[in-house]
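Inspection log for the structure reproduced underneath, given as structure tokens.
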Amino acid sequence: MAQFQNHEYEDMVDEYYDITNFEDNPFDNIESKSNSVDDSLDSDFEDDGDQEKQNTDTSALEARKGKDIQGIPWERFNFTRDKYRESRLKQYKNYENLSLSRQELDKSSLELPAVANSFEMVHDIFFLGNLGFTCFYFLLVLSFNLRNLLWATSKHDVYLMQNYSVMHWSALLRRGKEVLNVATPIVPTLKNPGSLAQTLSRVQISTMAVKDNLMVAGGFRGELICKYLNQHGVAFSTKVSPDDNAITNAVDIYHNSNGSMRVMTANNDAQVRVFDASGNFACLNQFSYPWSVNNTSVSPDGKLLAVLGDSAECLLADAQSGKVIGNLKGHLDYSFTSAWHPGGQILATGNQDTTCRLWDIRNLSESLTILKGHMGAIRAIKFTSDGRFMAMAEPADFVHIFDTQSDYTQGQEIDLFGEIAGISFSPDNEALFVGVADRTYGSVLEFDRKHYNQYVGSVL
């Protein structure tokens, strides 16, 4: 992530608005059929029906009957959804750090596949009461390069960031519960001689991960917080660096080649750190790289490490030593996300040049496939645990799902409006959750995988 001092966050937010908003919004002076749009609000859509809207979900049946999946009342505006989409595609500005050879990029990338709906919208979960979206939206603006703020641990359990809290949403109970509050002092329960543990307070969460009963969160000043979901309190917390600009850009929970659980952090101080998650969270290794590290991911066998950051090159390293063993060349700007196919031979990388590249680790001379988004950088990539599907998210509006068995030539497109906070498949491969950040229509969208049986037209 590009270097920013903490006092520069306000300037970064202003720049972000300049980039993502329309230059000349054709709807600025258009009145809704029921009320005028308030330009002072951060949502693109705002009307008197908002309170009513916030108290209703959109079901799969309603979506099939034509209701907008986010509940946006297009009939109340003097412009259609299609018209708004057309204008947004034309005027959205993708953030760029390096100059791009756009013609070469367009020549080499594949067209997005035709839509073939493998996942069907089930619920549009709108936050109510204490789950108001205002602060969540602002924090997402501060971390616009970071998109891992939502994780599903089952088809019915989703963890997401909300203001100074991490919330657990139960799709069965249809309600949320706070599992971590970082506004008050965080006192770690594990304190051993020589431990790096320290008390933290008012942490601004920049990234998170949840796996195997462990939740890990990173902060804007290099914080690291580790909590077991079945235990009270926080097991471990620390600042990984005294540098206040050492933003924790990404955290990863994985098992090394010996089967031991580890936590890896990627930070703005160009360091990657490995912590022992099976014991007292001691820092076992620290690897240095020539640029700020935005993302790391470890291969399924625990042997290889993908390192991405403020460089057009991505690195492949030995996960035990951090030693670079290969360079992935082809992207044209900074990279922010990566994911391994469960088979362990294919690595996907997402870049600010609006593409996702697929690499075969047996031949790193060039990427296998280039998948291009519609509007902006690829900020999040996830595979289903069976490897059948891969999802990639742009900064806003679009999530693309690819069928890996078709060599990524067939897939589905989810078209929405709003900044995307994160995407997550459930471990059983049956659901995809998409977090959307917007003051008015912020939500978690749940999509269920379609299954057809022998009965004609029947979907289970």
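How things are named: the first chain in the structure tokens is A, the next is B, and so on; residues count from 1 in each chain; ligands count from 1 in the order shown.
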Skip Ala171 in chain A itself and residues of its chain fewer than 5 positions away, then list as a PDB file with N, CA and C atoms, in the first residue's frame all residues within 8 Å of it, counting only C-alpha atoms.
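Now in around-v4.pdb:
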ATOM      1  N   LYS A 155     -21.983 -21.629   6.254  1.00  0.00           N
ATOM      2  CA  LYS A 155     -23.049 -21.043   5.439  1.00  0.00           C
ATOM      3  C   LYS A 155     -23.926 -20.107   6.264  1.00  0.00           C
ATOM      4  N   HIS A 156     -23.859 -20.246   7.583  1.00  0.00           N
ATOM      5  CA  HIS A 156     -24.753 -19.479   8.451  1.00  0.00           C
ATOM      6  C   HIS A 156     -24.026 -18.487   9.349  1.00  0.00           C
ATOM      7  N   ASP A 157     -22.705 -18.396   9.245  1.00  0.00           N
ATOM      8  CA  ASP A 157     -21.941 -17.548  10.154  1.00  0.00           C
ATOM      9  C   ASP A 157     -20.979 -16.651   9.385  1.00  0.00           C
ATOM     10  N   VAL A 158     -21.149 -15.347   9.563  1.00  0.00           N
ATOM     11  CA  VAL A 158     -20.331 -14.369   8.871  1.00  0.00           C
ATOM     12  C   VAL A 158     -19.742 -13.399   9.893  1.00  0.00           C
TER      13      VAL A 158
END
Report the closest atom pair, with its distance in Å rounded to one decimal, for each residue of range 167-205 of chain A that has an atom no farther than 8 Å from range 229-238 of chain A; count only C-alpha atoms, sort by chain and then rising residue number, and write it as a tab-separated table.
residue	atom	partner	partner_atom	distance
A:Val179	CA	A:Leu229	CA	7.8
A:Ile186	CA	A:Val234	CA	7.1
A:Val187	CA	A:Val234	CA	6.9
A:Pro188	CA	A:Phe236	CA	4.8
A:Thr189	CA	A:Ala235	CA	4.9
A:Leu190	CA	A:Ala235	CA	5.4
A:Leu196	CA	A:Thr238	CA	6.4
A:Ala197	CA	A:Thr238	CA	5.0
A:Gln198	CA	A:Thr238	CA	5.0
A:Thr199	CA	A:Ser237	CA	6.7
A:Leu200	CA	A:Thr238	CA	7.0
Got a sec: who's within 9 Å of Asp252 in chain A, counting only C-alpha atoms, leaving out chain neighbours fewer than 3 positions off, as a PDB file with all heavy atoms, in the first residue's frame?
ATOM      1  N   MET A 208      -8.705  -8.297   8.227  1.00  0.00           N
ATOM      2  CA  MET A 208      -9.015  -9.363   9.169  1.00  0.00           C
ATOM      3  C   MET A 208      -9.070 -10.704   8.453  1.00  0.00           C
ATOM      4  O   MET A 208      -9.147 -10.780   7.222  1.00  0.00           O
ATOM      5  CB  MET A 208     -10.335  -9.097   9.895  1.00  0.00           C
ATOM      6  CG  MET A 208     -11.528  -8.957   8.980  1.00  0.00           C
ATOM      7  SD  MET A 208     -13.092  -8.648   9.861  1.00  0.00           S
ATOM      8  CE  MET A 208     -13.434 -10.274  10.515  1.00  0.00           C
ATOM      9  N   ALA A 209      -9.017 -11.769   9.249  1.00  0.00           N
ATOM     10  CA  ALA A 209      -9.152 -13.134   8.736  1.00  0.00           C
ATOM     11  C   ALA A 209      -9.715 -13.993   9.859  1.00  0.00           C
ATOM     12  O   ALA A 209      -9.447 -13.751  11.041  1.00  0.00           O
ATOM     13  CB  ALA A 209      -7.807 -13.677   8.261  1.00  0.00           C
ATOM     14  N   VAL A 210     -10.513 -14.990   9.492  1.00  0.00           N
ATOM     15  CA  VAL A 210     -11.097 -15.907  10.466  1.00  0.00           C
ATOM     16  C   VAL A 210     -10.971 -17.326   9.920  1.00  0.00           C
ATOM     17  O   VAL A 210     -11.386 -17.607   8.802  1.00  0.00           O
ATOM     18  CB  VAL A 210     -12.583 -15.588  10.747  1.00  0.00           C
ATOM     19  CG1 VAL A 210     -13.114 -16.482  11.873  1.00  0.00           C
ATOM     20  CG2 VAL A 210     -12.777 -14.122  11.096  1.00  0.00           C
ATOM     21  N   VAL A 216      -8.182 -13.050  13.478  1.00  0.00           N
ATOM     22  CA  VAL A 216      -7.008 -12.181  13.491  1.00  0.00           C
ATOM     23  C   VAL A 216      -7.379 -10.873  12.810  1.00  0.00           C
ATOM     24  O   VAL A 216      -7.996 -10.869  11.736  1.00  0.00           O
ATOM     25  CB  VAL A 216      -5.818 -12.840  12.764  1.00  0.00           C
ATOM     26  CG1 VAL A 216      -4.618 -11.903  12.754  1.00  0.00           C
ATOM     27  CG2 VAL A 216      -5.455 -14.163  13.445  1.00  0.00           C
ATOM     28  N   ARG A 262      -0.078 -21.074  11.756  1.00  0.00           N
ATOM     29  CA  ARG A 262       0.708 -19.847  11.763  1.00  0.00           C
ATOM     30  C   ARG A 262      -0.177 -18.656  11.380  1.00  0.00           C
ATOM     31  O   ARG A 262      -1.186 -18.798  10.692  1.00  0.00           O
ATOM     32  CB  ARG A 262       1.869 -19.946  10.766  1.00  0.00           C
ATOM     33  CG  ARG A 262       2.847 -21.095  11.063  1.00  0.00           C
ATOM     34  CD  ARG A 262       3.701 -20.764  12.264  1.00  0.00           C
ATOM     35  NE  ARG A 262       4.734 -21.763  12.513  1.00  0.00           N
ATOM     36  CZ  ARG A 262       4.656 -22.677  13.476  1.00  0.00           C
ATOM     37  NH1 ARG A 262       3.576 -22.738  14.258  1.00  0.00           N
ATOM     38  NH2 ARG A 262       5.650 -23.540  13.661  1.00  0.00           N
ATOM     39  N   VAL A 263       0.256 -17.482  11.837  1.00  0.00           N
ATOM     40  CA  VAL A 263      -0.349 -16.214  11.411  1.00  0.00           C
ATOM     41  C   VAL A 263       0.733 -15.404  10.714  1.00  0.00           C
ATOM     42  O   VAL A 263       1.838 -15.246  11.236  1.00  0.00           O
ATOM     43  CB  VAL A 263      -0.902 -15.424  12.612  1.00  0.00           C
ATOM     44  CG1 VAL A 263      -1.289 -14.005  12.185  1.00  0.00           C
ATOM     45  CG2 VAL A 263      -2.112 -16.132  13.209  1.00  0.00           C
ATOM     46  N   MET A 264       0.413 -14.896   9.522  1.00  0.00           N
ATOM     47  CA  MET A 264       1.369 -14.087   8.767  1.00  0.00           C
ATOM     48  C   MET A 264       0.799 -12.697   8.568  1.00  0.00           C
ATOM     49  O   MET A 264      -0.383 -12.526   8.258  1.00  0.00           O
ATOM     50  CB  MET A 264       1.666 -14.732   7.407  1.00  0.00           C
ATOM     51  CG  MET A 264       2.677 -13.983   6.566  1.00  0.00           C
ATOM     52  SD  MET A 264       3.127 -14.894   5.056  1.00  0.00           S
ATOM     53  CE  MET A 264       4.142 -16.208   5.744  1.00  0.00           C
ATOM     54  N   THR A 265       1.642 -11.689   8.760  1.00  0.00           N
ATOM     55  CA  THR A 265       1.226 -10.310   8.535  1.00  0.00           C
ATOM     56  C   THR A 265       2.028  -9.696   7.395  1.00  0.00           C
ATOM     57  O   THR A 265       3.218  -9.965   7.245  1.00  0.00           O
ATOM     58  CB  THR A 265       1.422  -9.446   9.796  1.00  0.00           C
ATOM     59  OG1 THR A 265       2.819  -9.335  10.089  1.00  0.00           O
ATOM     60  CG2 THR A 265       0.690 -10.044  10.985  1.00  0.00           C
ATOM     61  N   ALA A 266       1.375  -8.855   6.598  1.00  0.00           N
ATOM     62  CA  ALA A 266       2.020  -8.082   5.533  1.00  0.00           C
ATOM     63  C   ALA A 266       1.865  -6.618   5.880  1.00  0.00           C
ATOM     64  O   ALA A 266       0.741  -6.143   6.075  1.00  0.00           O
ATOM     65  CB  ALA A 266       1.378  -8.391   4.183  1.00  0.00           C
ATOM     66  N   ASN A 295       0.066  -7.830   0.395  1.00  0.00           N
ATOM     67  CA  ASN A 295      -0.639  -9.100   0.526  1.00  0.00           C
ATOM     68  C   ASN A 295       0.349 -10.258   0.495  1.00  0.00           C
ATOM     69  O   ASN A 295       1.368 -10.193  -0.202  1.00  0.00           O
ATOM     70  CB  ASN A 295      -1.656  -9.251  -0.618  1.00  0.00           C
ATOM     71  CG  ASN A 295      -2.337 -10.611  -0.616  1.00  0.00           C
ATOM     72  OD1 ASN A 295      -1.880 -11.536  -1.287  1.00  0.00           O
ATOM     73  ND2 ASN A 295      -3.408 -10.727   0.114  1.00  0.00           N
ATOM     74  N   THR A 296       0.058 -11.290   1.269  1.00  0.00           N
ATOM     75  CA  THR A 296       0.782 -12.544   1.176  1.00  0.00           C
ATOM     76  C   THR A 296      -0.230 -13.680   1.205  1.00  0.00           C
ATOM     77  O   THR A 296      -1.320 -13.536   1.772  1.00  0.00           O
ATOM     78  CB  THR A 296       1.775 -12.749   2.336  1.00  0.00           C
ATOM     79  OG1 THR A 296       1.052 -12.730   3.573  1.00  0.00           O
ATOM     80  CG2 THR A 296       2.853 -11.677   2.344  1.00  0.00           C
ATOM     81  N   SER A 297       0.123 -14.797   0.596  1.00  0.00           N
ATOM     82  CA  SER A 297      -0.698 -16.003   0.702  1.00  0.00           C
ATOM     83  C   SER A 297       0.214 -17.210   0.599  1.00  0.00           C
ATOM     84  O   SER A 297       1.172 -17.218  -0.180  1.00  0.00           O
ATOM     85  CB  SER A 297      -1.785 -16.042  -0.379  1.00  0.00           C
ATOM     86  OG  SER A 297      -1.220 -16.030  -1.673  1.00  0.00           O
ATOM     87  N   VAL A 298      -0.071 -18.214   1.406  1.00  0.00           N
ATOM     88  CA  VAL A 298       0.747 -19.423   1.473  1.00  0.00           C
ATOM     89  C   VAL A 298       0.034 -20.544   0.727  1.00  0.00           C
ATOM     90  O   VAL A 298      -1.191 -20.704   0.829  1.00  0.00           O
ATOM     91  CB  VAL A 298       1.008 -19.816   2.942  1.00  0.00           C
ATOM     92  CG1 VAL A 298       1.797 -21.118   3.024  1.00  0.00           C
ATOM     93  CG2 VAL A 298       1.747 -18.697   3.660  1.00  0.00           C
TER      94      VAL A 298
END
Tell me which protein, DNA and RNA residues are within 12 Å of Val272 in chain A, counting only C-alpha atoms, leaving out same-chain ones fewer than 5 positions away, and put them as an MDAnalysis selection string.
chainID A and resid 222 240:241 246:252 263:267 283:297 305:309 317 319:323
Okay, now the selection with N, CA and C atoms, as a short mmCIF file (atom, residue, chain, number, x, y, z; two decimals), in the first residue's frame?
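Listing of part17.cif after writing:
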data_model
loop_
_atom_site.label_atom_id
_atom_site.label_comp_id
_atom_site.auth_asym_id
_atom_site.auth_seq_id
_atom_site.Cartn_x
_atom_site.Cartn_y
_atom_site.Cartn_z
N GLY A 222 -0.01 -0.68 12.52
CA GLY A 222 0.78 -1.89 12.66
C GLY A 222 0.32 -2.83 13.75
N VAL A 240 3.37 -4.62 15.69
CA VAL A 240 4.48 -5.36 15.10
C VAL A 240 5.68 -4.47 14.80
N SER A 241 5.45 -3.15 14.76
CA SER A 241 6.52 -2.21 14.46
C SER A 241 6.28 -0.90 15.19
N ALA A 246 3.37 1.69 9.64
CA ALA A 246 3.53 0.27 9.29
C ALA A 246 2.17 -0.42 9.25
N ILE A 247 1.28 0.10 8.44
CA ILE A 247 -0.09 -0.42 8.35
C ILE A 247 -0.06 -1.93 8.13
N THR A 248 -0.88 -2.64 8.87
CA THR A 248 -1.04 -4.07 8.62
C THR A 248 -2.01 -4.22 7.45
N ASN A 249 -1.44 -4.45 6.27
CA ASN A 249 -2.25 -4.48 5.05
C ASN A 249 -3.02 -5.78 4.89
N ALA A 250 -2.47 -6.88 5.39
CA ALA A 250 -3.13 -8.18 5.24
C ALA A 250 -2.67 -9.12 6.33
N VAL A 251 -3.55 -10.02 6.72
CA VAL A 251 -3.21 -11.10 7.65
C VAL A 251 -3.66 -12.41 7.03
N ASP A 252 -2.92 -13.47 7.31
CA ASP A 252 -3.24 -14.79 6.76
C ASP A 252 -3.08 -15.83 7.85
N VAL A 263 0.26 -17.48 11.84
CA VAL A 263 -0.35 -16.21 11.41
C VAL A 263 0.73 -15.40 10.71
N MET A 264 0.41 -14.90 9.52
CA MET A 264 1.37 -14.09 8.77
C MET A 264 0.80 -12.70 8.57
N THR A 265 1.64 -11.69 8.76
CA THR A 265 1.23 -10.31 8.53
C THR A 265 2.03 -9.70 7.40
N ALA A 266 1.38 -8.85 6.60
CA ALA A 266 2.02 -8.08 5.53
C ALA A 266 1.87 -6.62 5.88
N ASN A 267 2.99 -5.91 5.96
CA ASN A 267 2.93 -4.54 6.46
C ASN A 267 3.57 -3.52 5.53
N CYS A 283 6.91 -14.42 17.65
CA CYS A 283 7.29 -14.10 16.28
C CYS A 283 8.43 -15.04 15.87
N LEU A 284 8.17 -15.92 14.92
CA LEU A 284 9.11 -16.95 14.52
C LEU A 284 10.05 -16.52 13.41
N ASN A 285 9.53 -15.67 12.51
CA ASN A 285 10.34 -15.23 11.36
C ASN A 285 9.94 -13.82 10.95
N GLN A 286 10.87 -13.15 10.32
CA GLN A 286 10.60 -11.82 9.76
C GLN A 286 11.37 -11.70 8.45
N PHE A 287 10.65 -11.46 7.36
CA PHE A 287 11.25 -11.38 6.03
C PHE A 287 11.17 -9.95 5.52
N SER A 288 12.23 -9.48 4.87
CA SER A 288 12.27 -8.12 4.33
C SER A 288 12.19 -8.15 2.81
N TYR A 289 11.47 -7.18 2.25
CA TYR A 289 11.32 -7.07 0.80
C TYR A 289 11.55 -5.61 0.39
N PRO A 290 11.75 -5.35 -0.91
CA PRO A 290 12.15 -4.00 -1.33
C PRO A 290 11.02 -2.98 -1.40
N TRP A 291 9.80 -3.36 -1.08
CA TRP A 291 8.69 -2.42 -1.17
C TRP A 291 7.62 -2.79 -0.13
N SER A 292 6.69 -1.88 0.08
CA SER A 292 5.59 -2.14 1.01
C SER A 292 4.84 -3.39 0.57
N VAL A 293 4.58 -4.27 1.51
CA VAL A 293 3.92 -5.54 1.19
C VAL A 293 2.42 -5.39 1.46
N ASN A 294 1.63 -5.57 0.40
CA ASN A 294 0.18 -5.42 0.51
C ASN A 294 -0.55 -6.71 0.78
N ASN A 295 0.07 -7.83 0.40
CA ASN A 295 -0.64 -9.10 0.53
C ASN A 295 0.35 -10.26 0.50
N THR A 296 0.06 -11.29 1.27
CA THR A 296 0.78 -12.54 1.18
C THR A 296 -0.23 -13.68 1.20
N SER A 297 0.12 -14.80 0.60
CA SER A 297 -0.70 -16.00 0.70
C SER A 297 0.21 -17.21 0.60
N LEU A 305 5.24 -19.19 -0.77
CA LEU A 305 4.68 -17.92 -0.31
C LEU A 305 4.60 -16.94 -1.47
N ALA A 306 3.40 -16.42 -1.73
CA ALA A 306 3.23 -15.35 -2.71
C ALA A 306 3.33 -14.01 -1.97
N VAL A 307 4.15 -13.09 -2.50
CA VAL A 307 4.36 -11.78 -1.88
C VAL A 307 4.04 -10.71 -2.91
N LEU A 308 3.08 -9.83 -2.60
CA LEU A 308 2.64 -8.79 -3.50
C LEU A 308 2.70 -7.44 -2.80
N GLY A 309 2.98 -6.37 -3.55
CA GLY A 309 3.03 -5.06 -2.92
C GLY A 309 3.13 -3.92 -3.89
N ALA A 317 8.17 -17.03 -3.02
CA ALA A 317 9.25 -17.26 -2.06
C ALA A 317 9.05 -18.57 -1.33
N ALA A 319 8.28 -20.45 1.86
CA ALA A 319 7.48 -20.03 3.01
C ALA A 319 8.23 -20.16 4.32
N GLN A 320 9.24 -21.02 4.37
CA GLN A 320 9.98 -21.22 5.61
C GLN A 320 11.05 -20.15 5.80
N SER A 321 11.75 -19.81 4.73
CA SER A 321 12.87 -18.87 4.84
C SER A 321 12.56 -17.48 4.32
N GLY A 322 11.53 -17.34 3.49
CA GLY A 322 11.22 -16.06 2.87
C GLY A 322 12.07 -15.76 1.65
N LYS A 323 12.99 -16.65 1.30
CA LYS A 323 13.88 -16.44 0.16
C LYS A 323 13.12 -16.48 -1.15
#
Run DSSP on the backbone and give me the residues of range 282-364 of chain A it puts in strand (DSSP E or B), as JSON, numbers by chain.
{"A": [283, 284, 285, 286, 287, 288, 293, 294, 295, 296, 297, 298, 304, 305, 306, 307, 308, 309, 314, 315, 316, 317, 318, 324, 325, 326, 327, 328, 335, 336, 337, 338, 339, 340, 346, 347, 348, 349, 350, 351, 355, 356, 357, 358, 359, 360, 363]}
Extract, using only C-alpha atoms, all DNA, RNA and protein residues at most 6 Å from range 434-437 of chain A, discarding same-chain residues fewer than 4 positions from it, and format them as an NGL selection string.
:A and (137 or 418-423 or 442-445)
Which residues, written as a ChimeraX atom specification, have at least one atom at most 6 Å from Ala377 in chain A, with only C-alpha atoms counted and residues fewer than 6 positions away on the same chain left out?
/A:351-354,394
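Distances from A:Phe447, A:Tyr408, A:Tyr164, A:Trp169 to Val182 in chain A were compared using only C-alpha atoms, and the smallest one belongs to A:Tyr164.
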Need the shell around range 385-391 of chain A: protein/DNA/RNA residues with any atom at most 9 Å away, counting only C-alpha atoms. Skip same-chain ones fewer than 4 positions apart. Format as a list in words?
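Those residues are His341, Pro342, Gly343, Ala380, Ile381, Val399, His400, Ile401, Phe402, Asp403, Thr404, Gln405, Tyr408, Gly411, Ile423, Ser424, Phe425, Ser426, Pro427, Asp428, Asn429 and Leu432 of chain A.
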Selected residues written out, N, CA and C atoms, as a PDB file, in the first residue's frame:
ATOM      1  N   HIS A 341      -5.304 -21.791  -5.797  1.00  0.00           N
ATOM      2  CA  HIS A 341      -6.269 -22.850  -6.062  1.00  0.00           C
ATOM      3  C   HIS A 341      -5.960 -23.993  -5.103  1.00  0.00           C
ATOM      4  N   PRO A 342      -6.977 -24.668  -4.561  1.00  0.00           N
ATOM      5  CA  PRO A 342      -6.722 -25.749  -3.597  1.00  0.00           C
ATOM      6  C   PRO A 342      -5.804 -26.854  -4.120  1.00  0.00           C
ATOM      7  N   GLY A 343      -5.705 -26.991  -5.445  1.00  0.00           N
ATOM      8  CA  GLY A 343      -4.802 -27.986  -6.007  1.00  0.00           C
ATOM      9  C   GLY A 343      -3.343 -27.639  -5.818  1.00  0.00           C
ATOM     10  N   ALA A 380      -9.915  -8.306  -4.318  1.00  0.00           N
ATOM     11  CA  ALA A 380     -10.106  -9.530  -3.543  1.00  0.00           C
ATOM     12  C   ALA A 380     -10.300 -10.699  -4.488  1.00  0.00           C
ATOM     13  N   ILE A 381      -9.687 -11.840  -4.155  1.00  0.00           N
ATOM     14  CA  ILE A 381      -9.830 -13.072  -4.921  1.00  0.00           C
ATOM     15  C   ILE A 381     -10.036 -14.215  -3.943  1.00  0.00           C
ATOM     16  N   VAL A 399     -18.650  -8.119  -8.798  1.00  0.00           N
ATOM     17  CA  VAL A 399     -17.986  -9.349  -8.375  1.00  0.00           C
ATOM     18  C   VAL A 399     -18.153 -10.340  -9.515  1.00  0.00           C
ATOM     19  N   HIS A 400     -17.054 -10.976  -9.911  1.00  0.00           N
ATOM     20  CA  HIS A 400     -17.069 -11.922 -11.025  1.00  0.00           C
ATOM     21  C   HIS A 400     -16.763 -13.316 -10.499  1.00  0.00           C
ATOM     22  N   ILE A 401     -17.587 -14.288 -10.876  1.00  0.00           N
ATOM     23  CA  ILE A 401     -17.401 -15.679 -10.479  1.00  0.00           C
ATOM     24  C   ILE A 401     -17.057 -16.483 -11.726  1.00  0.00           C
ATOM     25  N   PHE A 402     -15.981 -17.267 -11.655  1.00  0.00           N
ATOM     26  CA  PHE A 402     -15.520 -18.053 -12.794  1.00  0.00           C
ATOM     27  C   PHE A 402     -15.585 -19.541 -12.479  1.00  0.00           C
ATOM     28  N   ASP A 403     -16.000 -20.309 -13.477  1.00  0.00           N
ATOM     29  CA  ASP A 403     -15.983 -21.762 -13.386  1.00  0.00           C
ATOM     30  C   ASP A 403     -14.597 -22.236 -13.800  1.00  0.00           C
ATOM     31  N   THR A 404     -13.832 -22.760 -12.859  1.00  0.00           N
ATOM     32  CA  THR A 404     -12.457 -23.155 -13.173  1.00  0.00           C
ATOM     33  C   THR A 404     -12.404 -24.348 -14.118  1.00  0.00           C
ATOM     34  N   GLN A 405     -13.456 -25.163 -14.127  1.00  0.00           N
ATOM     35  CA  GLN A 405     -13.470 -26.331 -15.004  1.00  0.00           C
ATOM     36  C   GLN A 405     -13.657 -25.965 -16.470  1.00  0.00           C
ATOM     37  N   TYR A 408     -11.923 -20.979 -16.966  1.00  0.00           N
ATOM     38  CA  TYR A 408     -12.280 -19.599 -16.616  1.00  0.00           C
ATOM     39  C   TYR A 408     -12.962 -18.861 -17.772  1.00  0.00           C
ATOM     40  N   GLY A 411     -18.823 -18.116 -16.529  1.00  0.00           N
ATOM     41  CA  GLY A 411     -18.955 -17.585 -15.182  1.00  0.00           C
ATOM     42  C   GLY A 411     -20.204 -16.765 -14.991  1.00  0.00           C
ATOM     43  N   ILE A 423     -15.325 -10.354   0.082  1.00  0.00           N
ATOM     44  CA  ILE A 423     -16.089 -11.483  -0.437  1.00  0.00           C
ATOM     45  C   ILE A 423     -15.603 -12.736   0.272  1.00  0.00           C
ATOM     46  N   SER A 424     -16.497 -13.705   0.444  1.00  0.00           N
ATOM     47  CA  SER A 424     -16.107 -14.935   1.127  1.00  0.00           C
ATOM     48  C   SER A 424     -17.037 -16.074   0.747  1.00  0.00           C
ATOM     49  N   PHE A 425     -16.452 -17.181   0.314  1.00  0.00           N
ATOM     50  CA  PHE A 425     -17.216 -18.409   0.131  1.00  0.00           C
ATOM     51  C   PHE A 425     -17.323 -19.116   1.480  1.00  0.00           C
ATOM     52  N   SER A 426     -18.439 -19.775   1.723  1.00  0.00           N
ATOM     53  CA  SER A 426     -18.540 -20.619   2.913  1.00  0.00           C
ATOM     54  C   SER A 426     -17.664 -21.850   2.706  1.00  0.00           C
ATOM     55  N   PRO A 427     -17.119 -22.430   3.782  1.00  0.00           N
ATOM     56  CA  PRO A 427     -16.219 -23.579   3.644  1.00  0.00           C
ATOM     57  C   PRO A 427     -16.839 -24.779   2.923  1.00  0.00           C
ATOM     58  N   ASP A 428     -18.188 -24.903   2.984  1.00  0.00           N
ATOM     59  CA  ASP A 428     -18.835 -26.028   2.311  1.00  0.00           C
ATOM     60  C   ASP A 428     -19.141 -25.729   0.839  1.00  0.00           C
ATOM     61  N   ASN A 429     -18.679 -24.570   0.354  1.00  0.00           N
ATOM     62  CA  ASN A 429     -18.828 -24.165  -1.058  1.00  0.00           C
ATOM     63  C   ASN A 429     -20.266 -23.836  -1.448  1.00  0.00           C
ATOM     64  N   LEU A 432     -21.915 -17.764  -1.171  1.00  0.00           N
ATOM     65  CA  LEU A 432     -20.981 -16.662  -1.375  1.00  0.00           C
ATOM     66  C   LEU A 432     -21.570 -15.432  -0.705  1.00  0.00           C
TER      67      LEU A 432
END
Mind pulling up the distance from CA of Met215 in chain A to CA of Val166 in chain A?
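Value for the CA of Val166 in chain A-CA of Met215 in chain A distance: 9.6 Å.
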